[in-house]
$ cat data.cif   # mmCIF, C-alpha atoms, pLDDT in the B column; chains and numbers go by the auth columns
data_data
loop_
_atom_site.group_PDB
_atom_site.id
_atom_site.type_symbol
_atom_site.label_atom_id
_atom_site.label_comp_id
_atom_site.label_asym_id
_atom_site.label_seq_id
_atom_site.Cartn_x
_atom_site.Cartn_y
_atom_site.Cartn_z
_atom_site.B_iso_or_equiv
_atom_site.auth_seq_id
_atom_site.auth_asym_id
ATOM 1 C CA GLU A 1 114.143 110.244 162.213 78.00 1 A
ATOM 2 C CA PRO A 2 110.906 112.208 162.822 84.00 2 A
ATOM 3 C CA ALA A 3 112.078 113.393 166.264 90.00 3 A
ATOM 4 C CA ASP A 4 115.126 115.155 164.753 94.00 4 A
ATOM 5 C CA PRO A 5 114.110 118.559 163.300 96.00 5 A
ATOM 6 C CA PRO A 6 117.413 119.202 161.459 95.00 6 A
ATOM 7 C CA GLY A 7 117.385 115.662 160.063 95.00 7 A
ATOM 8 C CA VAL A 8 113.899 116.126 158.647 96.00 8 A
ATOM 9 C CA LEU A 9 114.828 119.450 157.017 97.00 9 A
ATOM 10 C CA HIS A 10 117.975 117.857 155.518 96.00 10 A
ATOM 11 C CA HIS A 11 115.889 114.960 154.187 96.00 11 A
ATOM 12 C CA ILE A 12 113.316 117.233 152.546 96.00 12 A
ATOM 13 C CA ASN A 13 116.016 119.428 151.025 96.00 13 A
ATOM 14 C CA ARG A 14 117.945 116.456 149.605 96.00 14 A
ATOM 15 C CA HIS A 15 114.756 114.843 148.298 96.00 15 A
ATOM 16 C CA PHE A 16 114.233 117.873 146.084 96.00 16 A
ATOM 17 C CA LYS A 17 117.902 118.240 145.077 96.00 17 A
ATOM 18 C CA PHE A 18 116.834 118.191 141.428 96.00 18 A
ATOM 19 C CA LEU A 19 115.409 121.705 142.025 96.00 19 A
ATOM 20 C CA TRP A 20 118.613 123.213 143.445 95.00 20 A
ATOM 21 C CA ASP A 21 119.636 124.726 140.110 93.00 21 A
ATOM 22 C CA THR A 22 116.270 126.367 139.532 94.00 22 A
ATOM 23 C CA ALA A 23 114.817 129.640 140.766 94.00 23 A
ATOM 24 C CA MET A 24 112.524 127.774 143.158 93.00 24 A
ATOM 25 C CA TYR A 25 112.868 127.825 146.910 93.00 25 A
ATOM 26 C CA ALA A 26 110.776 126.886 149.913 94.00 26 A
ATOM 27 C CA THR A 27 110.734 127.743 153.567 93.00 27 A
ATOM 28 C CA ALA A 28 109.921 125.279 156.316 95.00 28 A
ATOM 29 C CA VAL A 29 109.705 124.973 160.033 96.00 29 A
ATOM 30 C CA TYR A 30 109.700 121.618 161.802 96.00 30 A
ATOM 31 C CA ALA A 31 108.932 121.128 165.465 97.00 31 A
ATOM 32 C CA VAL A 32 108.673 118.167 167.807 96.00 32 A
ATOM 33 C CA LEU A 33 106.944 118.359 171.167 95.00 33 A
ATOM 34 C CA ASP A 34 107.912 115.992 173.955 94.00 34 A
ATOM 35 C CA ALA A 35 104.546 115.847 175.701 92.00 35 A
ATOM 36 C CA ALA A 36 106.033 114.359 178.869 93.00 36 A
ATOM 37 C CA SER A 37 108.584 117.129 179.453 95.00 37 A
ATOM 38 C CA GLY A 38 106.795 119.952 177.622 95.00 38 A
ATOM 39 C CA ILE A 39 109.908 120.721 175.575 96.00 39 A
ATOM 40 C CA LEU A 40 109.328 121.948 172.024 97.00 40 A
ATOM 41 C CA ARG A 41 112.344 121.349 169.738 97.00 41 A
ATOM 42 C CA ILE A 42 112.196 123.436 166.584 97.00 42 A
ATOM 43 C CA ALA A 43 114.297 124.169 163.495 97.00 43 A
ATOM 44 C CA SER A 44 113.663 126.593 160.650 96.00 44 A
ATOM 45 C CA ALA A 45 114.808 126.853 157.057 95.00 45 A
ATOM 46 C CA GLY A 46 114.030 130.496 156.290 91.00 46 A
ATOM 47 C CA HIS A 47 110.499 130.291 157.699 92.00 47 A
ATOM 48 C CA PRO A 48 108.899 132.861 160.023 92.00 48 A
ATOM 49 C CA PRO A 49 109.107 131.741 163.647 95.00 49 A
ATOM 50 C CA PRO A 50 105.877 130.549 165.238 97.00 50 A
ATOM 51 C CA LEU A 51 104.268 132.662 167.931 97.00 51 A
ATOM 52 C CA LEU A 52 103.966 131.571 171.549 97.00 52 A
ATOM 53 C CA LEU A 53 100.776 132.584 173.306 96.00 53 A
ATOM 54 C CA ARG A 54 100.821 132.114 177.063 94.00 54 A
ATOM 55 C CA SER A 55 97.937 132.988 179.364 88.00 55 A
ATOM 56 C CA GLY A 56 98.163 136.600 180.540 87.00 56 A
ATOM 57 C CA ASP A 57 100.924 137.462 178.058 92.00 57 A
ATOM 58 C CA THR A 58 101.113 138.883 174.556 94.00 58 A
ATOM 59 C CA ALA A 59 101.876 136.594 171.643 96.00 59 A
ATOM 60 C CA HIS A 60 105.519 136.778 170.639 96.00 60 A
ATOM 61 C CA PRO A 61 107.785 134.948 168.196 96.00 61 A
ATOM 62 C CA LEU A 62 109.705 131.979 169.520 97.00 62 A
ATOM 63 C CA ALA A 63 113.433 132.587 169.440 96.00 63 A
ATOM 64 C CA ILE A 64 114.852 130.411 166.684 95.00 64 A
ATOM 65 C CA GLU A 65 117.857 130.867 164.426 93.00 65 A
ATOM 66 C CA PRO A 66 116.877 129.932 160.886 90.00 66 A
ATOM 67 C CA THR A 67 119.174 128.422 158.309 92.00 67 A
ATOM 68 C CA MET A 68 118.833 129.261 154.618 94.00 68 A
ATOM 69 C CA CYS A 69 115.759 128.334 152.620 94.00 69 A
ATOM 70 C CA LEU A 70 115.266 124.886 151.144 95.00 70 A
ATOM 71 C CA LEU A 71 116.004 123.998 147.497 95.00 71 A
ATOM 72 C CA TRP A 72 119.064 126.249 147.080 94.00 72 A
ATOM 73 C CA ASP A 73 121.965 124.051 148.160 94.00 73 A
ATOM 74 C CA GLU A 74 123.077 121.616 150.841 94.00 74 A
ATOM 75 C CA LEU A 75 121.998 122.796 154.285 93.00 75 A
ATOM 76 C CA THR A 76 124.727 122.999 156.894 88.00 76 A
ATOM 77 C CA GLY A 77 124.557 123.470 160.624 89.00 77 A
ATOM 78 C CA ILE A 78 120.826 123.707 161.182 95.00 78 A
ATOM 79 C CA PRO A 79 120.329 125.150 164.679 95.00 79 A
ATOM 80 C CA VAL A 80 117.704 123.666 166.988 96.00 80 A
ATOM 81 C CA ALA A 81 115.933 125.764 169.592 97.00 81 A
ATOM 82 C CA GLU A 82 114.328 124.241 172.676 97.00 82 A
ATOM 83 C CA HIS A 83 111.429 125.957 174.371 97.00 83 A
ATOM 84 C CA PRO A 84 109.675 124.725 177.523 97.00 84 A
ATOM 85 C CA LEU A 85 105.894 124.940 177.244 97.00 85 A
ATOM 86 C CA CYS A 86 103.463 125.342 180.114 95.00 86 A
ATOM 87 C CA PRO A 87 99.964 123.879 180.329 94.00 87 A
ATOM 88 C CA GLY A 88 97.600 126.183 178.443 94.00 88 A
ATOM 89 C CA ASP A 89 100.269 127.484 176.041 95.00 89 A
ATOM 90 C CA ARG A 90 99.416 127.850 172.368 96.00 90 A
ATOM 91 C CA VAL A 91 102.001 127.714 169.590 97.00 91 A
ATOM 92 C CA VAL A 92 100.861 129.430 166.394 97.00 92 A
ATOM 93 C CA PHE A 93 102.490 128.295 163.141 97.00 93 A
ATOM 94 C CA PHE A 94 101.766 130.344 160.020 96.00 94 A
ATOM 95 C CA THR A 95 102.919 131.096 156.517 93.00 95 A
ATOM 96 C CA ASP A 96 103.905 134.551 155.359 89.00 96 A
ATOM 97 C CA GLY A 97 100.832 134.640 153.124 89.00 97 A
ATOM 98 C CA ILE A 98 98.993 135.791 156.249 92.00 98 A
ATOM 99 C CA THR A 99 101.397 138.597 157.150 91.00 99 A
ATOM 100 C CA ASP A 100 101.585 139.638 153.467 90.00 100 A
ATOM 101 C CA ARG A 101 97.801 139.851 153.063 92.00 101 A
ATOM 102 C CA GLN A 102 96.778 143.187 151.616 92.00 102 A
ATOM 103 C CA ALA A 103 93.825 145.452 152.098 92.00 103 A
ATOM 104 C CA PRO A 104 92.214 147.012 148.990 91.00 104 A
ATOM 105 C CA TYR A 105 94.224 150.204 149.550 89.00 105 A
ATOM 106 C CA GLY A 106 97.559 148.292 149.584 86.00 106 A
ATOM 107 C CA GLU A 107 98.383 148.159 153.303 91.00 107 A
ATOM 108 C CA MET A 108 99.794 144.804 154.395 91.00 108 A
ATOM 109 C CA TYR A 109 98.620 142.833 157.405 93.00 109 A
ATOM 110 C CA ASP A 110 102.024 142.822 159.064 91.00 110 A
ATOM 111 C CA ALA A 111 103.607 140.663 161.774 93.00 111 A
ATOM 112 C CA ASP A 112 102.675 143.107 164.564 94.00 112 A
ATOM 113 C CA GLN A 113 99.001 143.093 163.540 94.00 113 A
ATOM 114 C CA PHE A 114 99.076 139.311 163.362 95.00 114 A
ATOM 115 C CA ALA A 115 100.618 138.981 166.848 96.00 115 A
ATOM 116 C CA ALA A 116 98.012 141.418 168.212 96.00 116 A
ATOM 117 C CA ALA A 117 95.194 139.357 166.646 96.00 117 A
ATOM 118 C CA VAL A 118 96.588 136.174 168.192 96.00 118 A
ATOM 119 C CA THR A 119 96.851 137.929 171.558 96.00 119 A
ATOM 120 C CA ARG A 120 93.234 139.117 171.325 94.00 120 A
ATOM 121 C CA ALA A 121 92.128 135.552 170.556 93.00 121 A
ATOM 122 C CA GLY A 122 93.541 134.583 173.932 88.00 122 A
ATOM 123 C CA THR A 123 94.152 131.057 175.059 82.00 123 A
ATOM 124 C CA ALA A 124 90.874 129.736 173.691 90.00 124 A
ATOM 125 C CA SER A 125 90.850 126.365 171.995 93.00 125 A
ATOM 126 C CA PRO A 126 93.180 126.089 169.002 95.00 126 A
ATOM 127 C CA ALA A 127 90.174 125.865 166.639 96.00 127 A
ATOM 128 C CA ASP A 128 88.660 129.040 168.128 96.00 128 A
ATOM 129 C CA ILE A 129 91.961 130.898 167.785 96.00 129 A
ATOM 130 C CA VAL A 130 92.191 129.882 164.118 96.00 130 A
ATOM 131 C CA ASN A 131 88.602 130.984 163.465 96.00 131 A
ATOM 132 C CA ARG A 132 89.060 134.338 165.216 95.00 132 A
ATOM 133 C CA VAL A 133 92.357 135.164 163.533 95.00 133 A
ATOM 134 C CA VAL A 134 91.145 134.108 160.066 95.00 134 A
ATOM 135 C CA ALA A 135 88.053 136.285 160.514 95.00 135 A
ATOM 136 C CA GLU A 136 90.208 139.246 161.505 94.00 136 A
ATOM 137 C CA VAL A 137 92.614 138.789 158.575 95.00 137 A
ATOM 138 C CA ASP A 138 89.719 138.423 156.138 94.00 138 A
ATOM 139 C CA GLY A 139 88.062 141.508 157.635 94.00 139 A
ATOM 140 C CA PHE A 140 91.270 143.485 157.207 94.00 140 A
ATOM 141 C CA ALA A 141 91.499 142.406 153.557 92.00 141 A
ATOM 142 C CA ALA A 142 87.898 143.534 152.964 92.00 142 A
ATOM 143 C CA GLY A 143 87.340 141.184 150.046 86.00 143 A
ATOM 144 C CA GLN A 144 90.843 141.502 148.584 85.00 144 A
ATOM 145 C CA GLU A 145 91.912 138.000 147.577 88.00 145 A
ATOM 146 C CA PRO A 146 95.230 136.703 148.966 87.00 146 A
ATOM 147 C CA GLU A 147 98.207 136.688 146.614 85.00 147 A
ATOM 148 C CA ASP A 148 99.966 133.839 148.413 86.00 148 A
ATOM 149 C CA ASP A 149 99.009 130.684 150.252 87.00 149 A
ATOM 150 C CA GLN A 150 97.814 131.142 153.808 91.00 150 A
ATOM 151 C CA THR A 151 98.270 128.473 156.425 94.00 151 A
ATOM 152 C CA LEU A 152 97.532 128.796 160.111 96.00 152 A
ATOM 153 C CA LEU A 153 98.030 125.977 162.600 96.00 153 A
ATOM 154 C CA VAL A 154 97.552 126.375 166.341 97.00 154 A
ATOM 155 C CA ALA A 155 98.867 123.693 168.675 95.00 155 A
ATOM 156 C CA GLY A 156 97.672 123.648 172.268 93.00 156 A
ATOM 157 C CA PHE A 157 99.690 122.175 175.114 93.00 157 A
ATOM 158 C CA ASN A 158 97.506 121.070 177.989 87.00 158 A
#

$ encode --input "data.cif" --output "structure tokens"
Amino acid sequence: EPADPPGVLHHINRHFKFLWDTAMYATAVYAVLDAASGILRIASAGHPPPLLLRSGDTAHPLAIEPTMCLLWDELTGIPVAEHPLCPGDRVVFFTDGITDRQAPYGEMYDADQFAAAVTRAGTASPADIVNRVVAEVDGFAAGQEPEDDQTLLVAGFN
């Protein structure tokens, strides 16, 4: 059922059960927004929590309790967090390839720098926020290629 975050994470994990005895793992976050009520339901399997950006506020991680990563074993008791969104809110989903990005001298672009970049981008359109944050991360890296995948998705609630 696509509207059930824990159910989707269970389904994905069981689909790849053949990998449970390997050294592989994956993290995931799955969220469903009820546009009528503005309630975001979200579950996480070891993934960094998305950031909430609200007009006039600093970007901060949504409070979610993750379960273990996917592909290790059967998942049990996946918690679901519910967060009410307000018109104009932006929810910023990302992979840790962004917060692990390194500059040529070895410093990592950490979670605090990422949250500050999202805050500076403000409540512009989701596409503008992505463009601004990607430019800032790339500028920080100063030509250093990423060592991990980087995904950034901004969802706007209007």

$ atom_distance --input "data.cif" --atom1 "CA of Ala63 in chain A" --atom2 "CA of Ala141 in chain A"
28.8 Å

$ closest_residue --input "data.cif" --among "A:Asp57, A:Asp4, A:Glu136, A:Asp148" --to "Gly88 in chain A" --atoms "only C-alpha atoms"
A:Asp57

$ resolve_selection --input "data.cif" --expression "the PyMOL selection byres ((chain A and resi 104-118) around 9)" --output "number ranges by chain"
A: 51, 53, 58-61, 92, 96, 98-103, 119-123, 129-130, 132-133, 136-137, 140-144

$ resolve_selection --input "data.cif" --expression "the PyMOL selection byres ((chain A and resi 78-86) around 8)" --output "MDAnalysis selection string"
chainID A and resid 5:6 37:45 54 62:67 75:77 87:89 157:158

$ write_last_selection --input "data.cif" --atoms "C-alpha atoms" --output "short mmCIF file (atom, residue, chain, number, x, y, z; two decimals), in the coordinates of the input"
data_model
loop_
_atom_site.label_atom_id
_atom_site.label_comp_id
_atom_site.auth_asym_id
_atom_site.auth_seq_id
_atom_site.Cartn_x
_atom_site.Cartn_y
_atom_site.Cartn_z
CA PRO A 5 114.11 118.56 163.30
CA PRO A 6 117.41 119.20 161.46
CA SER A 37 108.58 117.13 179.45
CA GLY A 38 106.80 119.95 177.62
CA ILE A 39 109.91 120.72 175.58
CA LEU A 40 109.33 121.95 172.02
CA ARG A 41 112.34 121.35 169.74
CA ILE A 42 112.20 123.44 166.58
CA ALA A 43 114.30 124.17 163.50
CA SER A 44 113.66 126.59 160.65
CA ALA A 45 114.81 126.85 157.06
CA ARG A 54 100.82 132.11 177.06
CA LEU A 62 109.70 131.98 169.52
CA ALA A 63 113.43 132.59 169.44
CA ILE A 64 114.85 130.41 166.68
CA GLU A 65 117.86 130.87 164.43
CA PRO A 66 116.88 129.93 160.89
CA THR A 67 119.17 128.42 158.31
CA LEU A 75 122.00 122.80 154.28
CA THR A 76 124.73 123.00 156.89
CA GLY A 77 124.56 123.47 160.62
CA PRO A 87 99.96 123.88 180.33
CA GLY A 88 97.60 126.18 178.44
CA ASP A 89 100.27 127.48 176.04
CA PHE A 157 99.69 122.18 175.11
CA ASN A 158 97.51 121.07 177.99
#

$ resolve_selection --input "data.cif" --expression "the PyMOL selection byres ((chain A and resi 126) around 7)" --output "number ranges by chain"
A: 124-125, 127-130, 154-156

$ residues_around --input "data.cif" --residues "Gly97 in chain A" --least-positions-apart "6" --cutoff "9 Å" --atoms "only C-alpha atoms" --output "number ranges by chain"
A: 146-151

$ atom_distance --input "data.cif" --atom1 "CA of Pro49 in chain A" --atom2 "CA of Ala28 in chain A"
9.8 Å

$ residues_around --input "data.cif" --residues "Thr22 in chain A" --least-positions-apart "3" --cutoff "9 Å" --atoms "all atoms listed in the file" --output "list of chain:residue names"
A:Phe18, A:Leu19, A:Tyr25, A:Leu71, A:Trp72

$ atom_distance --input "data.cif" --atom1 "CA of Ala23 in chain A" --atom2 "CA of Val8 in chain A"
22.4 Å

$ closest_residue --input "data.cif" --among "A:Ala36, A:Gly139, A:Cys69, A:Arg90" --to "Leu9 in chain A" --atoms "all atoms listed in the file"
A:Cys69

$ build_atoms --input "data.cif" --residues "range 82-99 of chain A" --atoms "N, CA, C and O atoms" --output "PDB file, in the frame of the given file"
ATOM      1  N   GLU A  82     115.184 124.979 171.743  1.00 97.00           N
ATOM      2  CA  GLU A  82     114.328 124.241 172.676  1.00 97.00           C
ATOM      3  C   GLU A  82     113.586 125.239 173.539  1.00 97.00           C
ATOM      4  O   GLU A  82     114.194 126.157 174.094  1.00 97.00           O
ATOM      5  N   HIS A  83     112.275 125.058 173.599  1.00 97.00           N
ATOM      6  CA  HIS A  83     111.429 125.957 174.371  1.00 97.00           C
ATOM      7  C   HIS A  83     110.540 125.141 175.295  1.00 97.00           C
ATOM      8  O   HIS A  83     109.796 124.276 174.827  1.00 97.00           O
ATOM      9  N   PRO A  84     110.593 125.408 176.607  1.00 97.00           N
ATOM     10  CA  PRO A  84     109.675 124.725 177.523  1.00 97.00           C
ATOM     11  C   PRO A  84     108.278 125.331 177.412  1.00 97.00           C
ATOM     12  O   PRO A  84     108.122 126.553 177.402  1.00 97.00           O
ATOM     13  N   LEU A  85     107.283 124.475 177.286  1.00 97.00           N
ATOM     14  CA  LEU A  85     105.894 124.940 177.244  1.00 97.00           C
ATOM     15  C   LEU A  85     105.228 124.666 178.586  1.00 97.00           C
ATOM     16  O   LEU A  85     105.595 123.734 179.300  1.00 97.00           O
ATOM     17  N   CYS A  86     104.255 125.492 178.892  1.00 95.00           N
ATOM     18  CA  CYS A  86     103.463 125.342 180.114  1.00 95.00           C
ATOM     19  C   CYS A  86     102.047 124.925 179.731  1.00 95.00           C
ATOM     20  O   CYS A  86     101.571 125.268 178.645  1.00 95.00           O
ATOM     21  N   PRO A  87     101.358 124.219 180.633  1.00 94.00           N
ATOM     22  CA  PRO A  87      99.964 123.879 180.329  1.00 94.00           C
ATOM     23  C   PRO A  87      99.166 125.139 179.987  1.00 94.00           C
ATOM     24  O   PRO A  87      99.298 126.165 180.656  1.00 94.00           O
ATOM     25  N   GLY A  88      98.402 125.049 178.911  1.00 94.00           N
ATOM     26  CA  GLY A  88      97.600 126.183 178.443  1.00 94.00           C
ATOM     27  C   GLY A  88      98.271 126.980 177.343  1.00 94.00           C
ATOM     28  O   GLY A  88      97.624 127.814 176.705  1.00 94.00           O
ATOM     29  N   ASP A  89      99.575 126.764 177.103  1.00 95.00           N
ATOM     30  CA  ASP A  89     100.269 127.484 176.041  1.00 95.00           C
ATOM     31  C   ASP A  89      99.701 127.110 174.679  1.00 95.00           C
ATOM     32  O   ASP A  89      99.239 125.997 174.455  1.00 95.00           O
ATOM     33  N   ARG A  90      99.787 128.054 173.767  1.00 96.00           N
ATOM     34  CA  ARG A  90      99.416 127.850 172.368  1.00 96.00           C
ATOM     35  C   ARG A  90     100.605 128.256 171.507  1.00 96.00           C
ATOM     36  O   ARG A  90     101.209 129.314 171.735  1.00 96.00           O
ATOM     37  N   VAL A  91     100.943 127.394 170.546  1.00 97.00           N
ATOM     38  CA  VAL A  91     102.001 127.714 169.590  1.00 97.00           C
ATOM     39  C   VAL A  91     101.320 127.892 168.241  1.00 97.00           C
ATOM     40  O   VAL A  91     100.585 127.017 167.782  1.00 97.00           O
ATOM     41  N   VAL A  92     101.562 129.040 167.614  1.00 97.00           N
ATOM     42  CA  VAL A  92     100.861 129.430 166.394  1.00 97.00           C
ATOM     43  C   VAL A  92     101.844 129.418 165.220  1.00 97.00           C
ATOM     44  O   VAL A  92     102.730 130.267 165.125  1.00 97.00           O
ATOM     45  N   PHE A  93     101.680 128.421 164.350  1.00 97.00           N
ATOM     46  CA  PHE A  93     102.490 128.295 163.141  1.00 97.00           C
ATOM     47  C   PHE A  93     101.726 128.946 162.000  1.00 97.00           C
ATOM     48  O   PHE A  93     100.509 128.802 161.899  1.00 97.00           O
ATOM     49  N   PHE A  94     102.452 129.635 161.111  1.00 96.00           N
ATOM     50  CA  PHE A  94     101.766 130.344 160.020  1.00 96.00           C
ATOM     51  C   PHE A  94     102.713 130.526 158.847  1.00 96.00           C
ATOM     52  O   PHE A  94     103.934 130.479 159.000  1.00 96.00           O
ATOM     53  N   THR A  95     102.126 130.751 157.694  1.00 93.00           N
ATOM     54  CA  THR A  95     102.919 131.096 156.517  1.00 93.00           C
ATOM     55  C   THR A  95     102.867 132.607 156.310  1.00 93.00           C
ATOM     56  O   THR A  95     101.953 133.288 156.796  1.00 93.00           O
ATOM     57  N   ASP A  96     103.837 133.108 155.567  1.00 89.00           N
ATOM     58  CA  ASP A  96     103.905 134.551 155.359  1.00 89.00           C
ATOM     59  C   ASP A  96     102.796 135.077 154.450  1.00 89.00           C
ATOM     60  O   ASP A  96     102.639 136.283 154.307  1.00 89.00           O
ATOM     61  N   GLY A  97     101.998 134.189 153.878  1.00 89.00           N
ATOM     62  CA  GLY A  97     100.832 134.640 153.124  1.00 89.00           C
ATOM     63  C   GLY A  97      99.851 135.384 154.013  1.00 89.00           C
ATOM     64  O   GLY A  97      99.086 136.233 153.534  1.00 89.00           O
ATOM     65  N   ILE A  98      99.871 135.083 155.305  1.00 92.00           N
ATOM     66  CA  ILE A  98      98.993 135.791 156.249  1.00 92.00           C
ATOM     67  C   ILE A  98      99.532 137.188 156.517  1.00 92.00           C
ATOM     68  O   ILE A  98      98.804 138.172 156.439  1.00 92.00           O
ATOM     69  N   THR A  99     100.826 137.290 156.817  1.00 91.00           N
ATOM     70  CA  THR A  99     101.397 138.597 157.150  1.00 91.00           C
ATOM     71  C   THR A  99     101.688 139.439 155.903  1.00 91.00           C
ATOM     72  O   THR A  99     102.089 140.599 156.031  1.00 91.00           O
TER      73      THR A  99
END
